[in-house]
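Shown next: entry.cif, given as mmCIF, C-alpha atoms.
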```
data_my_file
#
loop_
_atom_site.group_PDB
_atom_site.id
_atom_site.type_symbol
_atom_site.label_atom_id
_atom_site.label_comp_id
_atom_site.auth_asym_id
_atom_site.auth_seq_id
_atom_site.Cartn_x
_atom_site.Cartn_y
_atom_site.Cartn_z
ATOM 1 C CA MET A 1 159.901 -32.883 97.473
ATOM 2 C CA GLY A 2 161.984 -34.530 94.782
ATOM 3 C CA LEU A 3 165.600 -33.812 93.938
ATOM 4 C CA GLN A 4 166.216 -33.024 90.274
ATOM 5 C CA ASN A 5 169.426 -32.102 88.474
ATOM 6 C CA ARG A 6 170.891 -30.577 85.333
ATOM 7 C CA LEU A 7 173.921 -32.819 85.372
ATOM 8 C CA LYS A 8 173.536 -34.241 81.876
ATOM 9 C CA GLU A 9 173.019 -30.795 80.365
ATOM 10 C CA LEU A 10 175.998 -29.236 82.170
ATOM 11 C CA ARG A 11 178.216 -32.215 81.371
ATOM 12 C CA ALA A 12 177.351 -31.935 77.676
ATOM 13 C CA LYS A 13 178.139 -28.203 77.748
ATOM 14 C CA GLN A 14 181.592 -28.900 79.180
ATOM 15 C CA GLY A 15 182.169 -31.734 76.703
ATOM 16 C CA LEU A 16 182.757 -34.307 79.430
ATOM 17 C CA ASN A 17 181.654 -37.914 79.333
ATOM 18 C CA GLN A 18 180.420 -39.788 82.418
ATOM 19 C CA GLN A 19 183.786 -41.456 82.970
ATOM 20 C CA GLN A 20 185.678 -38.141 82.862
ATOM 21 C CA LEU A 21 183.259 -36.417 85.212
ATOM 22 C CA GLY A 22 183.392 -39.415 87.545
ATOM 23 C CA SER A 23 187.205 -39.218 87.682
ATOM 24 C CA LEU A 24 187.076 -35.485 88.419
ATOM 25 C CA VAL A 25 184.683 -35.854 91.350
ATOM 26 C CA GLY A 26 185.917 -39.215 92.674
ATOM 27 C CA ALA A 27 182.843 -41.218 91.725
ATOM 28 C CA SER A 28 182.291 -44.110 89.357
ATOM 29 C CA ARG A 29 180.788 -43.768 85.916
ATOM 30 C CA GLN A 30 177.836 -45.809 87.100
ATOM 31 C CA THR A 31 177.168 -43.347 89.932
ATOM 32 C CA ILE A 32 177.168 -40.390 87.528
ATOM 33 C CA SER A 33 174.698 -42.286 85.371
ATOM 34 C CA LEU A 34 172.478 -43.041 88.398
ATOM 35 C CA ILE A 35 172.482 -39.368 89.459
ATOM 36 C CA GLU A 36 171.598 -38.232 85.931
ATOM 37 C CA ARG A 37 168.673 -40.645 85.798
ATOM 38 C CA GLY A 38 167.463 -39.489 89.231
ATOM 39 C CA ASP A 39 168.006 -42.967 90.696
ATOM 40 C CA TYR A 40 170.499 -41.778 93.307
ATOM 41 C CA ASN A 41 170.634 -38.636 95.446
ATOM 42 C CA PRO A 42 174.295 -37.718 95.999
ATOM 43 C CA SER A 43 175.725 -36.746 99.379
ATOM 44 C CA ILE A 44 176.363 -33.048 100.061
ATOM 45 C CA THR A 45 180.092 -33.637 99.555
ATOM 46 C CA LEU A 46 179.614 -35.182 96.127
ATOM 47 C CA ALA A 47 177.061 -32.547 95.084
ATOM 48 C CA LEU A 48 179.507 -29.784 96.054
ATOM 49 C CA ARG A 49 182.354 -31.485 94.188
ATOM 50 C CA ILE A 50 180.190 -31.730 91.083
ATOM 51 C CA SER A 51 179.189 -28.060 91.259
ATOM 52 C CA GLN A 52 182.879 -27.139 91.703
ATOM 53 C CA VAL A 53 183.746 -28.917 88.450
ATOM 54 C CA PHE A 54 181.100 -26.911 86.584
ATOM 55 C CA GLN A 55 182.042 -23.742 88.526
ATOM 56 C CA VAL A 56 178.430 -22.952 89.365
ATOM 57 C CA PRO A 57 176.547 -22.794 92.695
ATOM 58 C CA VAL A 58 175.238 -26.176 93.786
ATOM 59 C CA GLU A 59 171.603 -25.003 93.388
ATOM 60 C CA GLN A 60 172.218 -24.610 89.676
ATOM 61 C CA VAL A 61 173.034 -28.284 89.400
ATOM 62 C CA PHE A 62 170.628 -29.731 91.977
ATOM 63 C CA TYR A 63 167.218 -28.362 92.851
ATOM 64 C CA LEU A 64 164.060 -29.471 94.634
ATOM 65 C CA THR A 65 160.697 -29.862 92.945
ATOM 66 C CA GLU A 66 157.244 -30.271 94.452
ATOM 67 C CA GLU A 67 156.917 -33.796 93.039
ATOM 68 C CA GLU A 68 157.081 -36.777 95.360
ATOM 69 C CA GLY A 69 160.727 -37.840 95.809
ATOM 70 C CA LYS A 70 161.831 -41.363 94.915
ATOM 71 C CA MET B 1 145.398 -41.072 115.787
ATOM 72 C CA LYS B 2 146.413 -42.589 112.462
ATOM 73 C CA ARG B 3 149.590 -43.961 114.036
ATOM 74 C CA GLU B 4 147.601 -45.553 116.896
ATOM 75 C CA LYS B 5 145.235 -47.168 114.411
ATOM 76 C CA GLN B 6 148.184 -48.510 112.416
ATOM 77 C CA SER B 7 149.822 -49.857 115.581
ATOM 78 C CA GLY B 8 146.574 -51.613 116.524
ATOM 79 C CA LYS B 9 146.416 -53.176 113.077
ATOM 80 C CA SER B 10 150.012 -54.397 113.358
ATOM 81 C CA THR B 11 149.341 -55.942 116.780
ATOM 82 C CA ALA B 12 146.242 -57.713 115.456
ATOM 83 C CA LYS B 13 148.194 -58.953 112.445
ATOM 84 C CA PHE B 14 151.022 -60.174 114.702
ATOM 85 C CA LEU B 15 148.623 -62.033 117.019
ATOM 86 C CA GLY B 16 146.812 -63.509 113.994
ATOM 87 C CA THR B 17 150.106 -64.758 112.565
ATOM 88 C CA ILE B 18 151.140 -66.295 115.900
ATOM 89 C CA LEU B 19 147.764 -68.058 116.222
ATOM 90 C CA LEU B 20 147.931 -69.308 112.638
ATOM 91 C CA CYS B 21 151.481 -70.611 113.149
ATOM 92 C CA ALA B 22 150.432 -72.334 116.398
ATOM 93 C CA LEU B 23 147.475 -73.914 114.612
ATOM 94 C CA LEU B 24 149.598 -75.064 111.675
ATOM 95 C CA GLY B 25 152.256 -76.359 114.070
ATOM 96 C CA GLY B 26 149.608 -78.285 116.016
ATOM 97 C CA VAL B 27 148.152 -79.805 112.843
ATOM 98 C CA ALA B 28 151.610 -80.644 111.513
ATOM 99 C CA GLY B 29 152.583 -82.167 114.881
ATOM 100 C CA TYR B 30 149.378 -84.240 115.024
ATOM 101 C CA CYS B 31 149.838 -85.451 111.436
ATOM 102 C CA ALA B 32 153.471 -86.305 112.142
ATOM 103 C CA ALA B 33 152.508 -88.210 115.304
ATOM 104 C CA ALA B 34 149.711 -90.054 113.524
ATOM 105 C CA ASN B 35 151.938 -90.949 110.586
ATOM 106 C CA GLY B 36 155.299 -91.242 112.293
ATOM 107 C CA ASP B 37 156.319 -94.341 110.331
ATOM 108 C CA ALA B 38 155.105 -92.921 107.033
ATOM 109 C CA LEU B 39 157.031 -89.704 107.670
ATOM 110 C CA GLU B 40 160.164 -91.676 108.439
ATOM 111 C CA ASN B 41 159.663 -93.605 105.195
ATOM 112 C CA VAL B 42 159.292 -90.383 103.226
ATOM 113 C CA LEU B 43 162.457 -88.982 104.803
ATOM 114 C CA ASN B 44 164.365 -92.187 104.094
ATOM 115 C CA GLN B 45 163.172 -92.236 100.482
ATOM 116 C CA GLY B 46 164.188 -88.599 100.105
ATOM 117 C CA LYS B 47 167.616 -89.411 101.520
ATOM 118 C CA MET B 48 167.993 -92.335 99.125
ATOM 119 C CA LEU B 49 166.962 -90.193 96.158
ATOM 120 C CA VAL B 50 169.480 -87.510 97.092
ATOM 121 C CA GLN B 51 172.210 -90.141 97.285
ATOM 122 C CA GLN B 52 171.166 -91.971 94.117
ATOM 123 C CA LEU B 53 171.532 -88.811 92.065
ATOM 124 C CA GLY B 54 175.237 -88.897 93.006
ATOM 125 C CA ILE B 55 177.397 -87.098 90.455
ATOM 126 C CA TRP B 56 174.288 -85.698 88.727
ATOM 127 C CA TRP B 57 174.289 -83.077 91.460
ATOM 128 C CA PHE B 58 177.007 -81.371 89.418
ATOM 129 C CA LEU B 59 174.558 -80.785 86.553
ATOM 130 C CA PRO B 60 172.733 -77.627 87.822
ATOM 131 C CA GLY B 61 176.084 -76.025 88.603
ATOM 132 C CA PHE B 62 177.460 -76.850 85.148
ATOM 133 C CA VAL B 63 174.321 -75.371 83.537
ATOM 134 C CA ILE B 64 174.741 -72.138 85.530
ATOM 135 C CA LEU B 65 178.450 -72.033 84.694
ATOM 136 C CA PHE B 66 177.661 -72.510 81.021
ATOM 137 C CA LEU B 67 175.211 -69.595 81.179
ATOM 138 C CA GLY B 68 177.870 -67.515 82.907
ATOM 139 C CA TRP B 69 180.366 -68.225 80.136
ATOM 140 C CA VAL B 70 177.775 -67.396 77.449
ATOM 141 C CA LEU B 71 177.093 -64.049 79.151
ATOM 142 C CA TYR B 72 180.812 -63.388 79.492
ATOM 143 C CA GLY B 73 181.229 -64.092 75.764
ATOM 144 C CA LYS B 74 178.469 -61.572 74.977
ATOM 145 C CA THR B 75 180.508 -58.755 76.515
ATOM 146 C CA LYS B 76 183.502 -59.389 74.238
ATOM 147 C CA LYS B 77 182.186 -57.241 71.377
ATOM 148 C CA LEU B 78 180.559 -54.663 73.628
ATOM 149 C CA ILE B 79 183.559 -53.957 75.815
ATOM 150 C CA ALA B 80 185.447 -52.063 73.094
ATOM 151 C CA GLN B 81 182.563 -49.606 72.641
ATOM 152 C CA THR B 82 181.947 -48.861 76.315
ATOM 153 C CA GLY B 83 184.408 -45.962 76.271
ATOM 154 C CA GLU B 84 182.324 -43.714 74.008
ATOM 155 C CA ASP B 85 178.797 -45.029 74.293
ATOM 156 C CA ASP B 86 176.994 -44.710 77.660
ATOM 157 C CA GLU B 87 174.176 -47.016 76.538
ATOM 158 C CA VAL B 88 176.632 -49.753 75.586
ATOM 159 C CA PHE B 89 178.406 -49.234 78.919
ATOM 160 C CA GLN B 90 175.125 -49.808 80.792
ATOM 161 C CA ARG B 91 174.350 -52.914 78.739
ATOM 162 C CA CYS B 92 177.810 -54.339 79.255
ATOM 163 C CA ASN B 93 177.614 -53.622 82.983
ATOM 164 C CA ARG B 94 174.226 -55.368 83.230
ATOM 165 C CA ILE B 95 175.491 -58.459 81.385
ATOM 166 C CA LEU B 96 178.611 -58.637 83.553
ATOM 167 C CA GLY B 97 176.381 -58.365 86.635
ATOM 168 C CA ARG B 98 174.372 -61.382 85.442
ATOM 169 C CA CYS B 99 177.596 -63.228 84.706
ATOM 170 C CA MET B 100 178.744 -62.609 88.305
ATOM 171 C CA LEU B 101 175.326 -63.818 89.496
ATOM 172 C CA CYS B 102 175.994 -67.121 87.721
ATOM 173 C CA SER B 103 179.469 -67.524 89.189
ATOM 174 C CA GLY B 104 178.145 -66.545 92.636
ATOM 175 C CA GLY B 105 175.422 -69.211 92.422
ATOM 176 C CA ALA B 106 177.820 -71.806 91.074
ATOM 177 C CA THR B 107 180.025 -71.694 94.194
ATOM 178 C CA PRO B 108 177.487 -73.073 96.735
ATOM 179 C CA LEU B 109 176.214 -75.506 94.088
ATOM 180 C CA PHE B 110 179.775 -76.825 93.772
ATOM 181 C CA PHE B 111 179.982 -77.590 97.482
ATOM 182 C CA ILE B 112 176.528 -79.191 97.512
ATOM 183 C CA ALA B 113 177.472 -81.403 94.546
ATOM 184 C CA ILE B 114 180.883 -82.404 95.836
ATOM 185 C CA THR B 115 179.596 -83.222 99.348
ATOM 186 C CA ILE B 116 176.674 -85.368 98.182
ATOM 187 C CA SER B 117 178.569 -87.103 95.382
ATOM 188 C CA PHE B 118 181.496 -87.966 97.684
ATOM 189 C CA TYR B 119 179.128 -89.158 100.398
ATOM 190 C CA SER B 120 177.158 -91.431 98.111
ATOM 191 C CA ALA B 121 179.909 -92.508 95.725
ATOM 192 C CA GLU B 122 181.181 -96.017 95.460
ATOM 193 C CA THR B 123 184.894 -96.399 94.852
ATOM 194 C CA GLN B 124 184.755 -96.128 91.043
ATOM 195 C CA ASN B 125 182.487 -93.084 91.195
ATOM 196 C CA ILE B 126 184.830 -91.166 93.476
ATOM 197 C CA LEU B 127 187.242 -90.758 90.557
ATOM 198 C CA TRP B 128 184.376 -89.391 88.437
ATOM 199 C CA SER B 129 183.396 -87.004 91.217
ATOM 200 C CA MET B 130 186.966 -85.800 91.605
ATOM 201 C CA GLY B 131 187.375 -85.323 87.854
ATOM 202 C CA LEU B 132 184.134 -83.358 87.575
ATOM 203 C CA ALA B 133 185.064 -81.293 90.640
ATOM 204 C CA ILE B 134 188.412 -80.307 89.084
ATOM 205 C CA VAL B 135 186.816 -79.321 85.751
ATOM 206 C CA TYR B 136 184.034 -77.425 87.565
ATOM 207 C CA LEU B 137 186.387 -75.558 89.849
ATOM 208 C CA THR B 138 188.680 -74.602 86.956
ATOM 209 C CA LEU B 139 185.759 -73.256 84.907
ATOM 210 C CA LEU B 140 184.428 -71.378 87.942
ATOM 211 C CA ILE B 141 187.698 -69.749 88.985
ATOM 212 C CA VAL B 142 188.627 -68.743 85.422
ATOM 213 C CA LEU B 143 185.137 -67.283 84.880
ATOM 214 C CA GLU B 144 185.326 -65.280 88.105
ATOM 215 C CA VAL B 145 188.783 -63.938 87.330
ATOM 216 C CA LYS B 146 187.851 -63.003 83.760
ATOM 217 C CA ALA B 147 184.541 -61.377 84.767
ATOM 218 C CA VAL B 148 186.321 -59.299 87.416
ATOM 219 C CA GLN B 149 189.017 -58.278 84.920
ATOM 220 C CA ARG B 150 186.361 -57.170 82.429
ATOM 221 C CA THR B 151 184.471 -55.281 85.144
ATOM 222 C CA LYS B 152 187.716 -53.537 86.084
ATOM 223 C CA PHE B 153 188.138 -52.576 82.435
ATOM 224 C CA ILE B 154 184.873 -50.625 82.458
ATOM 225 C CA PHE B 155 185.431 -49.413 86.039
ATOM 226 C CA PRO B 156 189.166 -48.555 86.019
ATOM 227 C CA GLU B 157 189.040 -47.176 89.570
ATOM 228 C CA LYS B 158 188.205 -50.615 91.018
ATOM 229 C CA GLN B 159 190.893 -52.357 93.058
ATOM 230 C CA GLY B 160 191.465 -55.942 94.128
ATOM 231 C CA ASP B 161 192.884 -59.183 92.836
ATOM 232 C CA PRO B 162 190.167 -61.883 92.659
ATOM 233 C CA LEU B 163 192.737 -64.539 93.599
ATOM 234 C CA SER B 164 193.748 -62.691 96.752
ATOM 235 C CA SER B 165 192.118 -63.194 100.162
ATOM 236 C CA ARG B 166 191.896 -59.377 100.459
ATOM 237 C CA PHE B 167 189.790 -59.091 97.301
ATOM 238 C CA GLN B 168 186.452 -58.194 98.907
ATOM 239 C CA LYS B 169 188.066 -55.643 101.245
ATOM 240 C CA ASP B 170 190.052 -53.970 98.436
ATOM 241 C CA TRP B 171 187.029 -53.946 96.136
ATOM 242 C CA TYR B 172 184.821 -52.387 98.815
ATOM 243 C CA GLN B 173 187.398 -49.715 99.582
ATOM 244 C CA SER B 174 187.531 -48.701 95.920
ATOM 245 C CA CYS B 175 183.737 -48.269 95.757
ATOM 246 C CA ASP B 176 182.155 -44.827 95.973
ATOM 247 C CA GLU B 177 179.223 -43.708 98.144
ATOM 248 C CA ALA B 178 176.468 -44.858 95.758
ATOM 249 C CA GLU B 179 178.011 -48.300 95.353
ATOM 250 C CA ARG B 180 178.457 -48.671 99.117
ATOM 251 C CA GLN B 181 174.834 -47.676 99.656
ATOM 252 C CA LYS B 182 173.767 -50.317 97.124
ATOM 253 C CA MET B 183 175.908 -52.913 98.926
ATOM 254 C CA GLY B 184 174.155 -51.961 102.183
ATOM 255 C CA GLN B 185 170.737 -52.446 100.569
ATOM 256 C CA CYS B 186 171.788 -55.808 99.092
ATOM 257 C CA SER B 187 173.211 -56.940 102.445
ATOM 258 C CA TYR B 188 169.939 -56.023 104.148
ATOM 259 C CA ARG B 189 167.982 -58.109 101.603
ATOM 260 C CA ALA B 190 170.374 -61.031 102.077
ATOM 261 C CA PHE B 191 170.044 -60.705 105.864
ATOM 262 C CA GLN B 192 166.247 -60.722 105.610
ATOM 263 C CA ALA B 193 166.158 -63.726 103.267
ATOM 264 C CA THR B 194 168.611 -65.829 105.274
ATOM 265 C CA GLY B 195 166.895 -64.843 108.543
ATOM 266 C CA LYS B 196 163.574 -66.180 107.220
ATOM 267 C CA GLY B 197 165.312 -69.272 105.842
ATOM 268 C CA PHE B 198 166.959 -70.072 109.188
ATOM 269 C CA LEU B 199 163.652 -69.617 111.025
ATOM 270 C CA LEU B 200 161.764 -71.944 108.671
ATOM 271 C CA VAL B 201 164.451 -74.637 108.801
ATOM 272 C CA MET B 202 164.642 -74.452 112.602
ATOM 273 C CA VAL B 203 160.848 -74.732 112.972
ATOM 274 C CA GLY B 204 160.819 -77.721 110.604
ATOM 275 C CA MET B 205 163.631 -79.359 112.561
ATOM 276 C CA CYS B 206 161.853 -78.720 115.875
ATOM 277 C CA LEU B 207 158.801 -80.602 114.596
ATOM 278 C CA LEU B 208 160.806 -83.474 113.143
ATOM 279 C CA SER B 209 162.985 -83.780 116.237
ATOM 280 C CA CYS B 210 159.890 -84.562 118.341
ATOM 281 C CA PHE B 211 159.855 -87.928 116.557
ATOM 282 C CA GLN B 212 163.646 -88.376 116.479
ATOM 283 C CA LEU B 213 163.653 -87.841 112.723
ATOM 284 C CA VAL B 214 166.435 -85.250 112.808
ATOM 285 C CA GLN B 215 169.889 -85.665 114.303
ATOM 286 C CA PRO B 216 170.462 -83.094 117.109
ATOM 287 C CA VAL B 217 173.747 -82.088 115.487
ATOM 288 C CA TRP B 218 171.789 -80.366 112.695
ATOM 289 C CA ALA B 219 170.145 -78.079 115.267
ATOM 290 C CA LEU B 220 173.633 -77.103 116.412
ATOM 291 C CA VAL B 221 174.850 -76.476 112.843
ATOM 292 C CA VAL B 222 171.835 -74.455 111.644
ATOM 293 C CA GLY B 223 171.340 -72.736 114.996
ATOM 294 C CA GLY B 224 175.044 -71.891 115.167
ATOM 295 C CA LEU B 225 174.970 -70.326 111.702
ATOM 296 C CA TRP B 226 171.841 -68.361 112.588
ATOM 297 C CA LEU B 227 173.498 -67.151 115.777
ATOM 298 C CA LEU B 228 176.587 -66.131 113.813
ATOM 299 C CA GLN B 229 174.445 -64.152 111.342
ATOM 300 C CA GLN B 230 172.439 -62.373 114.065
ATOM 301 C CA MET B 231 175.428 -61.592 116.275
ATOM 302 C CA THR B 232 177.547 -60.291 113.371
ATOM 303 C CA TYR B 233 174.742 -57.944 112.324
ATOM 304 C CA LEU B 234 173.978 -56.721 115.844
ATOM 305 C CA TRP B 235 177.630 -56.401 116.802
ATOM 306 C CA TYR B 236 178.367 -54.099 113.872
ATOM 307 C CA ALA B 237 175.037 -52.236 114.304
ATOM 308 C CA ASN B 238 176.040 -51.356 117.873
ATOM 309 C CA LYS B 239 179.679 -50.680 117.037
ATOM 310 C CA VAL B 240 179.103 -48.138 114.245
#
```
In structure tokens, write the structure found in this file.
Amino acid sequence: MGLQNRLKELRAKQGLNQQQLGSLVGASRQTISLIERGDYNPSITLALRISQVFQVPVEQVFYLTEEEGK
Amino acid sequence: MKREKQSGKSTAKFLGTILLCALLGGVAGYCAAANGDALENVLNQGKMLVQQLGIWWFLPGFVILFLGWVLYGKTKKLIAQTGEDDEVFQRCNRILGRCMLCSGGATPLFFIAITISFYSAETQNILWSMGLAIVYLTLLIVLEVKAVQRTKFIFPEKQGDPLSSRFQKDWYQSCDEAERQKMGQCSYRAFQATGKGFLLVMVGMCLLSCFQLVQPVWALVVGGLWLLQQMTYLWYANKV
């Protein structure tokens, strides 16, 4: 099971850049970039904070696929 | 079943490695015993060569520092565009990372150079060594401070003054979960690499000490450092 996300898409919709989103959720710009590229799986706390910013349930930002996880 | 098979394989591999090491150790010991004088000559020649190079030991460090400064210079144009462009931000971050790699490598090279050049210097060369050491250290400290300042520009949340003794602690505390995880992975790699290094050096010293070719104090120095590394790791592993 691999963790995928719609972070980039949702961020673009809200008109936020990586730095702004990072400041809102208490993460660095680099971490936002890593999550978007699928190179880092965020903790539950960070995932919930991100979904709060977009005001959507966490499953709409992060979801599992059948592919082998990294 | 699969797990048992794997475990059997690992045991066989472990025993094979032990036997191979014992065989190599035996051969190396025999060769050393048979050529004790020749080995001593080789070691003495090596020692002389190390000493003869004298102040030239500063050269690799200066080359690395030069590379570091070139990389730092490359970020000058990029830094202004990192605000809007994510690609440029990534590029700038990568270059700054390489720049820090250079300054990180230049620090141990400085101590190697200064120790050997002072040890082997005649009176007139000591002034040269001191002069080079001052220039080197200035270039190194300024590079580190500037690279950290530029990194803080693209990561405004980062804390810590590179000239303060609390720098590493403050920097770590300002890192988020992904960065801390990365630090953990890097520390593990460093632990693995140094652990292997200590083992190899200690085995080499054991062999050489059989023929009084190594001063016992080196076993205390290397062994002490190895002990410090192991105990620090295990202490914190059990504490957390």
Go through chain A residue by residue and, counting only C-alpha atoms, keep those with an atom at most 8 Å from chain B; for each kept residue give the shortest atom pair and its distance in Å to one decimal, ordered by chain and increasing number, as JSON lines.
```
{"residue": "A:Asn17", "atom": "CA", "partner": "B:Glu84", "partner_atom": "CA", "distance": 7.9}
{"residue": "A:Gln18", "atom": "CA", "partner": "B:Asp86", "partner_atom": "CA", "distance": 7.7}
{"residue": "A:Gly26", "atom": "CA", "partner": "B:Asp176", "partner_atom": "CA", "distance": 7.5}
{"residue": "A:Ala27", "atom": "CA", "partner": "B:Asp176", "partner_atom": "CA", "distance": 5.6}
{"residue": "A:Ser28", "atom": "CA", "partner": "B:Asp176", "partner_atom": "CA", "distance": 6.7}
{"residue": "A:Arg29", "atom": "CA", "partner": "B:Phe155", "partner_atom": "CA", "distance": 7.3}
{"residue": "A:Gln30", "atom": "CA", "partner": "B:Gln90", "partner_atom": "CA", "distance": 7.9}
{"residue": "A:Thr31", "atom": "CA", "partner": "B:Ala178", "partner_atom": "CA", "distance": 6.1}
{"residue": "A:Tyr40", "atom": "CA", "partner": "B:Ala178", "partner_atom": "CA", "distance": 7.2}
{"residue": "A:Pro42", "atom": "CA", "partner": "B:Ala178", "partner_atom": "CA", "distance": 7.5}
{"residue": "A:Ser43", "atom": "CA", "partner": "B:Glu177", "partner_atom": "CA", "distance": 7.9}
```
> Care to translate the PyMOL selection byres ((chain A and resi 62) around 12) into actual residues of this file, as a VMD selection string?
Replying inline: chain A and resid 2 to 10 35 to 36 38 41 to 44 46 to 48 50 to 51 56 to 61 63 to 65
Take the selection from the previous step and output its residues with C-alpha atoms, as a PDB file, in the coordinates of the input.
```
ATOM      1  CA  GLY A   2     161.984 -34.530  94.782  1.00  0.00           C
ATOM      2  CA  LEU A   3     165.600 -33.812  93.938  1.00  0.00           C
ATOM      3  CA  GLN A   4     166.216 -33.024  90.274  1.00  0.00           C
ATOM      4  CA  ASN A   5     169.426 -32.102  88.474  1.00  0.00           C
ATOM      5  CA  ARG A   6     170.891 -30.577  85.333  1.00  0.00           C
ATOM      6  CA  LEU A   7     173.921 -32.819  85.372  1.00  0.00           C
ATOM      7  CA  LYS A   8     173.536 -34.241  81.876  1.00  0.00           C
ATOM      8  CA  GLU A   9     173.019 -30.795  80.365  1.00  0.00           C
ATOM      9  CA  LEU A  10     175.998 -29.236  82.170  1.00  0.00           C
ATOM     10  CA  ILE A  35     172.482 -39.368  89.459  1.00  0.00           C
ATOM     11  CA  GLU A  36     171.598 -38.232  85.931  1.00  0.00           C
ATOM     12  CA  GLY A  38     167.463 -39.489  89.231  1.00  0.00           C
ATOM     13  CA  ASN A  41     170.634 -38.636  95.446  1.00  0.00           C
ATOM     14  CA  PRO A  42     174.295 -37.718  95.999  1.00  0.00           C
ATOM     15  CA  SER A  43     175.725 -36.746  99.379  1.00  0.00           C
ATOM     16  CA  ILE A  44     176.363 -33.048 100.061  1.00  0.00           C
ATOM     17  CA  LEU A  46     179.614 -35.182  96.127  1.00  0.00           C
ATOM     18  CA  ALA A  47     177.061 -32.547  95.084  1.00  0.00           C
ATOM     19  CA  LEU A  48     179.507 -29.784  96.054  1.00  0.00           C
ATOM     20  CA  ILE A  50     180.190 -31.730  91.083  1.00  0.00           C
ATOM     21  CA  SER A  51     179.189 -28.060  91.259  1.00  0.00           C
ATOM     22  CA  VAL A  56     178.430 -22.952  89.365  1.00  0.00           C
ATOM     23  CA  PRO A  57     176.547 -22.794  92.695  1.00  0.00           C
ATOM     24  CA  VAL A  58     175.238 -26.176  93.786  1.00  0.00           C
ATOM     25  CA  GLU A  59     171.603 -25.003  93.388  1.00  0.00           C
ATOM     26  CA  GLN A  60     172.218 -24.610  89.676  1.00  0.00           C
ATOM     27  CA  VAL A  61     173.034 -28.284  89.400  1.00  0.00           C
ATOM     28  CA  TYR A  63     167.218 -28.362  92.851  1.00  0.00           C
ATOM     29  CA  LEU A  64     164.060 -29.471  94.634  1.00  0.00           C
ATOM     30  CA  THR A  65     160.697 -29.862  92.945  1.00  0.00           C
TER      31      THR A  65
END
```
Distance query Val214 (chain B) at most 9 Å, only C-alpha atoms, self and fewer than 6 positions along chain excluded, as a PDB file with C-alpha atoms, keeping the file's coordinate frame:
```pdb
ATOM      1  CA  MET B 205     163.631 -79.359 112.561  1.00  0.00           C
ATOM      2  CA  CYS B 206     161.853 -78.720 115.875  1.00  0.00           C
ATOM      3  CA  LEU B 208     160.806 -83.474 113.143  1.00  0.00           C
TER       4      LEU B 208
END
```
> Neighbours of region 73-75 of chain B within 12 Å (only C-alpha atoms; same-chain residues fewer than 5 positions away dropped), as a list of chain:residue names?
Replying inline: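 Listing them by chain and then by number gives B:Phe66, B:Leu67, B:Gly68, B:Ala80, B:Gln81, B:Thr82, B:Val88, B:Phe89, B:Gln90, B:Arg91, B:Cys92, B:Asn93, B:Arg94, B:Ile95, B:Leu96, B:Gly97, B:Arg98, B:Cys99, B:Leu143, B:Lys146, B:Ala147, B:Gln149, B:Arg150, B:Thr151, B:Phe153, B:Ile154.
When CA of Thr232 (chain B) is paired with CA of Leu15 (chain B), their separation reads 29.2 Å.
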> Using all atoms listed in the file, which residues sit within 12 Å of Leu24 (chain B) once same-chain residues fewer than 6 positions away are excluded, as a PyMOL selection string?
Replying inline: chain B and resi 17-18+30-32+203-204+207
> What gap, in Å, lies between CA of Leu163 (chain B) and CA of Val145 (chain B)?
Replying inline: 7.4 Å
>> Let me make sure I understand: among B:Ile141, B:Val222, B:Ile134, B:Cys186, which one has the smallest atom-to-atom distance to Phe198 (chain B) if we use only C-alpha atoms?
In response: B:Val222
>> List the spatial neighbours of Gly160 (chain B) as a list in words - criterion: any atom at most 7 Å away, all atoms listed in the file, same-chain residues fewer than 3 positions off excluded.
In response: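 Once the adjacent positions are removed, what remains is Phe167, Asp170 and Trp171 of chain B.
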> So how many Å separate CA of Lys77 (chain B) and CA of Val142 (chain B), to one decimal?
Replying inline: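 About the pair CA of Lys77 (chain B) and CA of Val142 (chain B): they are 19.3 Å apart.
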>> Need to verify the contact set: Leu24 (chain A), 9 Å, all atoms listed in the file, exclusion of same-chain residues closer than 4 positions in sequence. Can you return it as a PyMOL selection string?
In response: chain A and resi 19-20+49-50+53
> Which residues fall under the PyMOL selection byres ((chain B and resi 37-50) around 12) in this file, as a VMD selection string?
Replying inline: chain B and resid 28 to 36 51 to 57 112 to 113 115 to 117 119 to 121 207 to 209 211 to 214
